file input.txt (compact mmCIF, C-alpha atoms)
# COMPACT_ATOMS: atom_id res chain seq x y z
CA PHE A 160 -7.70 -1.38 44.17
CA ILE A 161 -10.37 -2.43 41.70
CA ASP A 162 -13.98 -1.35 42.11
CA VAL A 163 -16.40 -4.11 41.14
CA ALA A 164 -20.07 -4.85 41.64
CA THR A 165 -20.61 -8.18 43.39
CA GLY A 166 -24.23 -7.77 44.42
CA SER A 167 -25.15 -10.99 42.62
CA LEU A 168 -23.67 -13.91 44.53
CA GLY A 169 -21.11 -16.06 42.75
CA GLN A 170 -19.35 -13.19 41.00
CA GLY A 171 -16.70 -12.33 43.58
CA ILE A 172 -14.65 -15.50 43.18
CA GLY A 173 -14.34 -15.06 39.40
CA ILE A 174 -13.04 -11.52 39.90
CA ALA A 175 -10.60 -12.72 42.56
CA VAL A 176 -9.32 -15.49 40.29
CA GLY A 177 -8.76 -12.92 37.55
CA MET A 178 -6.73 -10.83 39.98
CA ALA A 179 -4.67 -13.88 40.92
CA TYR A 180 -4.03 -14.70 37.26
CA THR A 181 -2.88 -11.11 36.71
CA GLY A 182 -0.58 -11.33 39.71
CA LYS A 183 1.08 -14.54 38.61
CA TYR A 184 1.31 -14.13 34.85
CA PHE A 185 1.15 -10.41 34.04
CA ASP A 186 2.47 -8.54 37.08
CA LYS A 187 4.71 -11.49 38.06
CA ALA A 188 4.47 -10.28 41.63
CA SER A 189 4.34 -12.06 44.97
CA TYR A 190 0.99 -10.71 46.17
CA ARG A 191 -1.75 -13.18 47.05
CA VAL A 192 -5.50 -12.97 46.56
CA PHE A 193 -8.09 -14.06 49.14
CA VAL A 194 -11.85 -14.34 48.70
CA VAL A 195 -14.53 -15.27 51.26
CA LEU A 196 -17.51 -17.28 50.03
CA GLY A 197 -20.83 -18.04 51.62
CA ASP A 198 -21.92 -21.66 51.60
CA GLY A 199 -25.28 -20.70 50.10
CA GLU A 200 -23.38 -18.91 47.34
CA SER A 201 -21.63 -22.15 46.43
CA ALA A 202 -24.83 -23.28 44.71
CA GLU A 203 -23.81 -20.88 41.91
CA GLY A 204 -22.16 -22.67 38.99
CA SER A 205 -19.81 -19.73 38.49
CA VAL A 206 -18.07 -20.61 41.77
CA TRP A 207 -16.98 -23.96 40.40
CA GLU A 208 -16.11 -22.54 36.98
CA ALA A 209 -13.74 -20.15 38.75
CA LEU A 210 -12.13 -22.95 40.75
CA SER A 211 -11.66 -24.98 37.57
CA PHE A 212 -9.92 -21.99 35.94
CA ALA A 213 -7.73 -21.43 39.02
CA SER A 214 -6.68 -25.07 39.07
CA PHE A 215 -5.98 -25.26 35.33
CA TYR A 216 -3.72 -22.22 35.47
CA LYS A 217 -2.01 -23.35 38.70
CA LEU A 218 -2.94 -20.24 40.67
CA ASP A 219 -1.15 -21.10 43.90
CA ASN A 220 -1.42 -17.41 44.87
CA PHE A 221 -5.19 -17.77 45.27
CA VAL A 222 -7.06 -18.72 48.45
CA ALA A 223 -10.83 -19.19 48.79
CA ILE A 224 -12.39 -19.40 52.25
CA LEU A 225 -15.83 -21.02 52.42
CA ASP A 226 -17.82 -19.83 55.44
CA CYS A 227 -19.84 -22.99 55.99
CA ASN A 228 -22.40 -21.85 58.55
CA ARG A 229 -25.24 -24.13 57.37
CA LEU A 230 -27.94 -21.47 57.02
CA GLY A 231 -29.08 -19.55 53.97
CA GLN A 232 -31.44 -16.58 53.82
CA SER A 233 -34.80 -18.33 54.04
CA ASP A 234 -33.82 -21.96 54.61
CA PRO A 235 -30.82 -24.13 55.42
CA THR A 236 -28.35 -24.45 52.55
CA GLN A 237 -28.33 -27.47 50.25
CA LEU A 238 -25.50 -29.27 52.03
CA GLN A 239 -25.77 -27.65 55.45
CA HIS A 240 -22.77 -28.91 57.46
CA GLU A 241 -21.79 -31.77 55.14
CA ILE A 242 -18.16 -30.66 55.25
CA LYS A 243 -16.85 -33.80 53.56
CA VAL A 244 -18.94 -33.09 50.45
CA TYR A 245 -17.51 -29.59 50.12
CA GLN A 246 -14.04 -31.02 50.68
CA ASP A 247 -14.46 -33.69 48.01
CA ARG A 248 -15.89 -31.22 45.50
CA ALA A 249 -13.00 -28.81 45.92
CA LEU A 250 -10.51 -31.68 45.64
CA SER A 251 -12.17 -32.83 42.42
CA PHE A 252 -11.62 -29.35 40.99
CA GLY A 253 -7.90 -29.63 41.68
CA CYS A 254 -7.64 -27.53 44.82
CA HIS A 255 -5.44 -27.93 47.86
CA VAL A 256 -8.12 -28.27 50.56
CA VAL A 257 -7.90 -27.44 54.25
CA VAL A 258 -10.78 -28.05 56.69
CA VAL A 259 -10.84 -25.98 59.87
CA ASP A 260 -13.01 -24.85 62.74
CA GLY A 261 -13.86 -21.37 61.52
CA HIS A 262 -14.08 -20.07 65.08
CA ASP A 263 -10.49 -21.10 65.86
CA VAL A 264 -8.24 -18.18 64.94
CA GLN A 265 -5.06 -20.21 65.42
CA ALA A 266 -6.36 -22.94 63.11
CA LEU A 267 -7.21 -20.33 60.47
CA ALA A 268 -3.75 -18.79 60.75
CA GLN A 269 -2.21 -22.23 60.27
CA ALA A 270 -4.42 -22.82 57.22
CA PHE A 271 -3.26 -19.55 55.64
CA TYR A 272 0.34 -20.50 56.32
CA GLU A 273 -0.21 -23.91 54.75
CA ALA A 274 -1.77 -22.24 51.71
CA GLN A 275 1.40 -20.25 51.22
CA THR A 276 3.88 -23.07 51.78
CA SER A 277 2.24 -26.36 50.80
CA SER A 278 -0.18 -25.76 47.95
CA ASN A 279 2.10 -27.25 45.24
CA ASN A 280 0.92 -25.12 42.30
CA LYS A 281 -2.71 -25.49 43.33
CA PRO A 282 -5.26 -22.94 44.49
CA THR A 283 -6.20 -23.38 48.15
CA PHE A 284 -9.78 -23.92 49.28
CA ILE A 285 -10.36 -23.55 53.03
CA VAL A 286 -13.60 -25.04 54.37
CA ALA A 287 -14.36 -23.21 57.62
CA LYS A 288 -17.16 -24.76 59.67
CA THR A 289 -18.97 -22.01 61.55
CA TYR A 290 -22.25 -21.26 63.30
CA LYS A 291 -24.24 -18.09 62.89
CA GLY A 292 -24.62 -16.26 66.19
CA ARG A 293 -21.93 -18.34 67.85
CA GLY A 294 -22.01 -18.04 71.66
CA LEU A 295 -25.68 -17.06 72.01
CA THR A 296 -27.02 -20.59 71.99
CA ASP A 297 -30.41 -19.86 73.54
CA VAL A 298 -31.21 -16.97 71.22
CA ILE A 299 -29.74 -16.97 67.72
CA GLU A 300 -26.91 -19.48 67.42
CA ASP A 301 -27.55 -21.86 64.50
CA LYS A 302 -31.17 -20.68 64.28
CA ASP A 303 -32.96 -19.92 61.05
CA ASN A 304 -34.58 -16.66 59.95
CA TRP A 305 -32.00 -14.21 61.30
CA HIS A 306 -30.38 -13.42 57.96
CA GLY A 307 -29.89 -9.67 57.55
CA LYS A 308 -31.94 -8.76 60.59
CA PRO A 309 -30.62 -6.14 63.03
CA LEU A 310 -30.21 -7.08 66.66
CA THR A 311 -31.83 -4.24 68.60
CA GLY A 312 -32.80 -3.32 72.13
CA GLU A 313 -31.97 -5.68 74.94
CA LEU A 314 -30.86 -8.42 72.55
CA GLY A 315 -28.50 -6.04 70.80
CA GLU A 316 -26.95 -5.01 74.11
CA ARG A 317 -26.55 -8.63 75.09
CA VAL A 318 -24.79 -9.45 71.83
CA LEU A 319 -22.39 -6.50 72.24
CA THR A 320 -21.59 -7.57 75.80
CA HIS A 321 -20.90 -11.10 74.62
CA LEU A 322 -18.61 -9.94 71.83
CA GLN A 323 -16.70 -7.61 74.14
CA SER A 324 -16.18 -10.50 76.55
CA GLN A 325 -14.33 -12.34 73.78
CA LEU A 326 -11.68 -9.63 73.53
CA ARG A 327 -8.62 -10.66 75.47
CA GLY A 328 -5.27 -9.12 76.24
CA ASP A 329 -4.10 -5.81 77.59
CA GLY A 330 -1.94 -4.93 74.60
CA SER A 331 1.27 -6.13 76.22
CA THR A 332 1.54 -9.18 73.97
CA LYS A 333 3.42 -8.35 70.82
CA THR A 334 2.83 -10.19 67.61
CA THR A 335 5.10 -10.25 64.62
CA ARG A 336 4.15 -10.23 61.00
CA ALA A 337 6.09 -10.43 57.82
CA THR A 338 6.75 -7.15 56.09
CA ALA A 339 4.57 -6.75 53.03
CA VAL A 340 6.53 -7.03 49.82
CA ASP A 341 5.60 -4.59 47.09
CA ASP A 342 7.31 -6.06 44.05
CA CYS A 343 4.66 -5.06 41.53
CA LYS A 344 6.17 -2.99 38.77
CA PRO A 345 4.64 0.47 38.28
CA ILE A 346 2.11 0.63 35.50
CA VAL A 347 3.01 3.13 32.81
CA GLN A 348 -0.12 4.79 31.53
CA GLN A 349 -0.41 4.39 27.78
CA GLU A 350 -2.87 5.87 25.33
CA ILE A 351 -5.10 3.18 23.92
CA LYS A 352 -5.45 3.76 20.22
CA LEU A 353 -5.26 1.93 16.92
CA SER A 354 -1.72 1.37 15.71
CA SER A 355 -2.90 2.19 12.17
CA PRO A 356 -6.16 3.42 10.64
CA PRO A 357 -8.69 0.95 9.24
CA GLN A 358 -7.85 -0.18 5.73
CA TYR A 359 -11.42 -0.88 4.58
CA LYS A 360 -12.71 0.61 1.37
CA LEU A 361 -16.21 1.91 0.84
CA GLY A 362 -18.39 -1.01 -0.14
CA ASP A 363 -16.18 -3.71 1.44
CA MET A 364 -18.19 -6.49 3.09
CA VAL A 365 -16.48 -7.11 6.44
CA ALA A 366 -17.90 -9.23 9.23
CA THR A 367 -18.24 -7.33 12.50
CA ARG A 368 -16.39 -10.08 14.35
CA ARG A 369 -13.42 -9.86 11.97
CA ALA A 370 -13.32 -6.09 12.40
CA TYR A 371 -13.35 -6.67 16.17
CA GLY A 372 -10.35 -9.01 16.03
CA THR A 373 -8.42 -6.64 13.79
CA ALA A 374 -9.14 -3.61 15.99
CA LEU A 375 -8.36 -5.51 19.18
CA THR A 376 -4.94 -6.48 17.86
CA LYS A 377 -4.23 -2.95 16.73
CA ILE A 378 -4.96 -1.41 20.13
CA ALA A 379 -2.86 -4.16 21.72
CA ASP A 380 -0.01 -2.86 19.55
CA THR A 381 -0.11 0.48 21.35
CA CYS A 382 -0.83 -0.64 24.94
CA ASN A 383 0.75 -3.66 26.61
CA ARG A 384 -2.05 -3.76 29.22
CA VAL A 385 -4.60 -4.78 26.59
CA ILE A 386 -5.33 -8.49 26.79
CA ALA A 387 -7.93 -10.79 25.26
CA LEU A 388 -10.12 -13.33 27.04
CA ASP A 389 -12.20 -15.80 25.09
CA GLY A 390 -14.46 -18.78 25.69
CA ASP A 391 -13.21 -21.21 23.04
CA THR A 392 -14.51 -19.00 20.19
CA LYS A 393 -11.27 -17.24 19.22
CA ASN A 394 -11.45 -18.56 15.65
CA SER A 395 -14.94 -17.07 15.38
CA THR A 396 -14.43 -13.77 17.19
CA PHE A 397 -10.98 -13.41 15.61
CA SER A 398 -9.35 -12.72 18.96
CA ILE A 399 -7.05 -15.43 17.61
CA GLU A 400 -5.28 -12.62 15.75
CA LEU A 401 -4.18 -11.10 19.04
CA MET A 402 -3.23 -14.54 20.36
CA LYS A 403 -0.95 -15.16 17.37
CA LYS A 404 0.82 -11.83 17.78
CA TYR A 405 0.86 -11.62 21.60
CA PRO A 406 0.37 -15.16 22.96
CA ASN A 407 1.24 -14.12 26.52
CA ARG A 408 -1.61 -11.61 26.50
CA TYR A 409 -4.33 -14.03 25.52
CA VAL A 410 -6.30 -15.96 28.16
CA GLU A 411 -8.36 -18.98 27.16
CA CYS A 412 -11.28 -19.31 29.57
CA PHE A 413 -12.89 -22.25 27.76
CA ILE A 414 -16.69 -22.57 27.70
CA ALA A 415 -17.21 -21.21 31.19
CA GLU A 416 -19.07 -18.06 30.28
CA GLN A 417 -20.28 -17.10 33.75
CA ASN A 418 -16.67 -17.01 34.96
CA LEU A 419 -15.43 -15.32 31.79

call {"tool": "encode", "arguments": {"input": "input.txt", "output": "structure tokens"}}
result
Amino acid sequence: FIDVATGSLGQGIGIAVGMAYTGKYFDKASYRVFVVLGDGESAEGSVWEALSFASFYKLDNFVAILDCNRLGQSDPTQLQHEIKVYQDRALSFGCHVVVVDGHDVQALAQAFYEAQTSSNNKPTFIVAKTYKGRGLTDVIEDKDNWHGKPLTGELGERVLTHLQSQLRGDGSTKTTRATAVDDCKPIVQQEIKLSSPPQYKLGDMVATRRAYGTALTKIADTCNRVIALDGDTKNSTFSIELMKKYPNRYVECFIAEQNL
């Protein structure tokens, strides 16, 4: 597991895409990465930068689920329930897109199956149309100004009763699931250190960025988990030195600095 701070909206998808890239190209494992997005969050440019990256690198092991519930924190979202717009945007970024009723568990299960079997080297973007407070139409369903507010007292009891009424089955129905495959190779801990001491002489004029590129390559010599990411500035930051020596451990993120 990786601990990350995602308090600012729009950051989670970039982290998830990075995990998917690692899974496909570094770990070369069969695990898949899923991320849930709010529709209000999709106003963040970093969301679309991440999708562009996922599409360019053919991350078919990545699935984004957009919870399109129409309402933001203080107002309706920009697009509200304009599902077709979300669909077209995701398609334009090179995603395999599936539109579902987000309250239909069977439809969601089918969408996840389709993501695994029919994405054709594309990331999958699932647009799930939902309603906040679904089932309590006269109180909170699809009503504004309930974001983050606790449901207390009689209303809270009513909500709990409603949710419990949705639970079905006596446990006699057995479901089957595929056995999880753990084909990720164990990571061998390596000391991260310079492969050789600096060769600078007292009085040498060396640009900080060149020293960075040299040091980065030297620590990559000693640890195969050291990689370089750059935003189309590798010939300025000198991360190009690592790219030349270890091309499979260099990731070009292009000028998408929020995602990078």

call {"tool": "closest_atom_pairs", "arguments": {"input": "input.txt", "of": "stretch 235-287 of chain A", "to": "stretch 205-221 of chain A", "cutoff": "10 Å", "atoms": "all atoms listed in the file", "output": "Markdown table"}}
result
| residue | atom | partner | partner_atom | distance |
| --- | --- | --- | --- | --- |
| A:Arg248 | CA | A:Trp207 | CA | 8.9 |
| A:Ala249 | CA | A:Leu210 | CA | 7.9 |
| A:Ser251 | CA | A:Ser211 | CA | 9.2 |
| A:Phe252 | CA | A:Ser211 | CA | 5.5 |
| A:Gly253 | CA | A:Ser214 | CA | 5.4 |
| A:Cys254 | CA | A:Ser214 | CA | 6.3 |
| A:His255 | CA | A:Asp219 | CA | 9.0 |
| A:Ala274 | CA | A:Asp219 | CA | 7.9 |
| A:Gln275 | CA | A:Asn220 | CA | 7.5 |
| A:Thr276 | CA | A:Asp219 | CA | 9.6 |
| A:Ser277 | CA | A:Asp219 | CA | 9.3 |
| A:Ser278 | CA | A:Asp219 | CA | 6.2 |
| A:Asn279 | CA | A:Asp219 | CA | 7.1 |
| A:Asn280 | CA | A:Asp219 | CA | 4.8 |
| A:Lys281 | CA | A:Asp219 | CA | 4.7 |
| A:Pro282 | CA | A:Asp219 | CA | 4.5 |
| A:Thr283 | CA | A:Phe221 | CA | 6.4 |
| A:Phe284 | CA | A:Phe221 | CA | 8.7 |

call {"tool": "closest_residue", "arguments": {"input": "input.txt", "among": "A:Lys288, A:Lys352, A:Lys403, A:Lys344", "to": "A:Leu267", "atoms": "all atoms listed in the file"}}
result
A:Lys288

call {"tool": "closest_residue", "arguments": {"input": "input.txt", "among": "A:Gln417, A:His262, A:Phe271, A:Asp380", "to": "A:Gly169", "atoms": "all atoms listed in the file"}}
result
A:Gln417

call {"tool": "axis_aligned_box", "arguments": {"input": "input.txt", "around": "stretch 326-330 of chain A", "padding_each_side": "3 Å", "output": "AutoDock Vina command-line options"}}
result
--center_x -6.8 --center_y -7.8 --center_z 75.6 --size_x 15.7 --size_y 11.7 --size_z 10.1

call {"tool": "closest_residue", "arguments": {"input": "input.txt", "among": "A:Val176, A:Leu353, A:Leu388, A:Ile299", "to": "A:Leu230", "atoms": "only C-alpha atoms"}}
result
A:Ile299

call {"tool": "closest_residue", "arguments": {"input": "input.txt", "among": "A:Gln348, A:Phe185, A:Asp329, A:Gly261", "to": "A:Asn407", "atoms": "all atoms listed in the file"}}
result
A:Phe185

call {"tool": "atom_distance", "arguments": {"input": "input.txt", "atom1": "atom CA of A:Thr373", "atom2": "atom CA of A:Tyr405"}}
result
13.1 Å

call {"tool": "residues_around", "arguments": {"input": "input.txt", "residues": "A:Leu322", "least_positions_apart": "5", "cutoff": "12 Å", "atoms": "all atoms listed in the file", "output": "PyMOL selection string"}}
result
chain A and resi 292-295+315-317+327

call {"tool": "atom_distance", "arguments": {"input": "input.txt", "atom1": "atom CA of A:Ile399", "atom2": "atom CA of A:Ala387"}}
result
9.0 Å

call {"tool": "closest_residue", "arguments": {"input": "input.txt", "among": "A:Met364, A:Leu310, A:Ile285, A:Ile172", "to": "A:Leu419", "atoms": "only C-alpha atoms"}}
result
A:Ile172

call {"tool": "atom_distance", "arguments": {"input": "input.txt", "atom1": "atom CA of A:Val385", "atom2": "atom CA of A:Gly173"}}
result
19.1 Å

call {"tool": "residues_near_point", "arguments": {"input": "input.txt", "point": "(-16.9, -19.8, 20.7)", "cutoff": "12 Å", "atoms": "all atoms listed in the file", "output": "VMD selection string"}}
result
chain A and resid 368 388 to 399 411 to 416

call {"tool": "write_last_selection", "arguments": {"input": "input.txt", "atoms": "C-alpha atoms", "output": "compact mmCIF listing (two decimals), in the frame of the given file"}}
result
# COMPACT_ATOMS: atom_id res chain seq x y z
CA ARG A 368 -16.39 -10.08 14.35
CA LEU A 388 -10.12 -13.33 27.04
CA ASP A 389 -12.20 -15.80 25.09
CA GLY A 390 -14.46 -18.78 25.69
CA ASP A 391 -13.21 -21.21 23.04
CA THR A 392 -14.51 -19.00 20.19
CA LYS A 393 -11.27 -17.24 19.22
CA ASN A 394 -11.45 -18.56 15.65
CA SER A 395 -14.94 -17.07 15.38
CA THR A 396 -14.43 -13.77 17.19
CA PHE A 397 -10.98 -13.41 15.61
CA SER A 398 -9.35 -12.72 18.96
CA ILE A 399 -7.05 -15.43 17.61
CA GLU A 411 -8.36 -18.98 27.16
CA CYS A 412 -11.28 -19.31 29.57
CA PHE A 413 -12.89 -22.25 27.76
CA ILE A 414 -16.69 -22.57 27.70
CA ALA A 415 -17.21 -21.21 31.19
CA GLU A 416 -19.07 -18.06 30.28

call {"tool": "closest_residue", "arguments": {"input": "input.txt", "among": "A:Gly199, A:Gln265, A:Gly328, A:Leu375", "to": "A:Ser233", "atoms": "only C-alpha atoms"}}
result
A:Gly199

call {"tool": "residues_around", "arguments": {"input": "input.txt", "residues": "A:Thr376", "least_positions_apart": "2", "cutoff": "8 Å", "atoms": "all atoms listed in the file", "output": "JSON, numbers by chain"}}
result
{"A": [372, 373, 374, 378, 379, 380, 398, 400, 401, 404]}
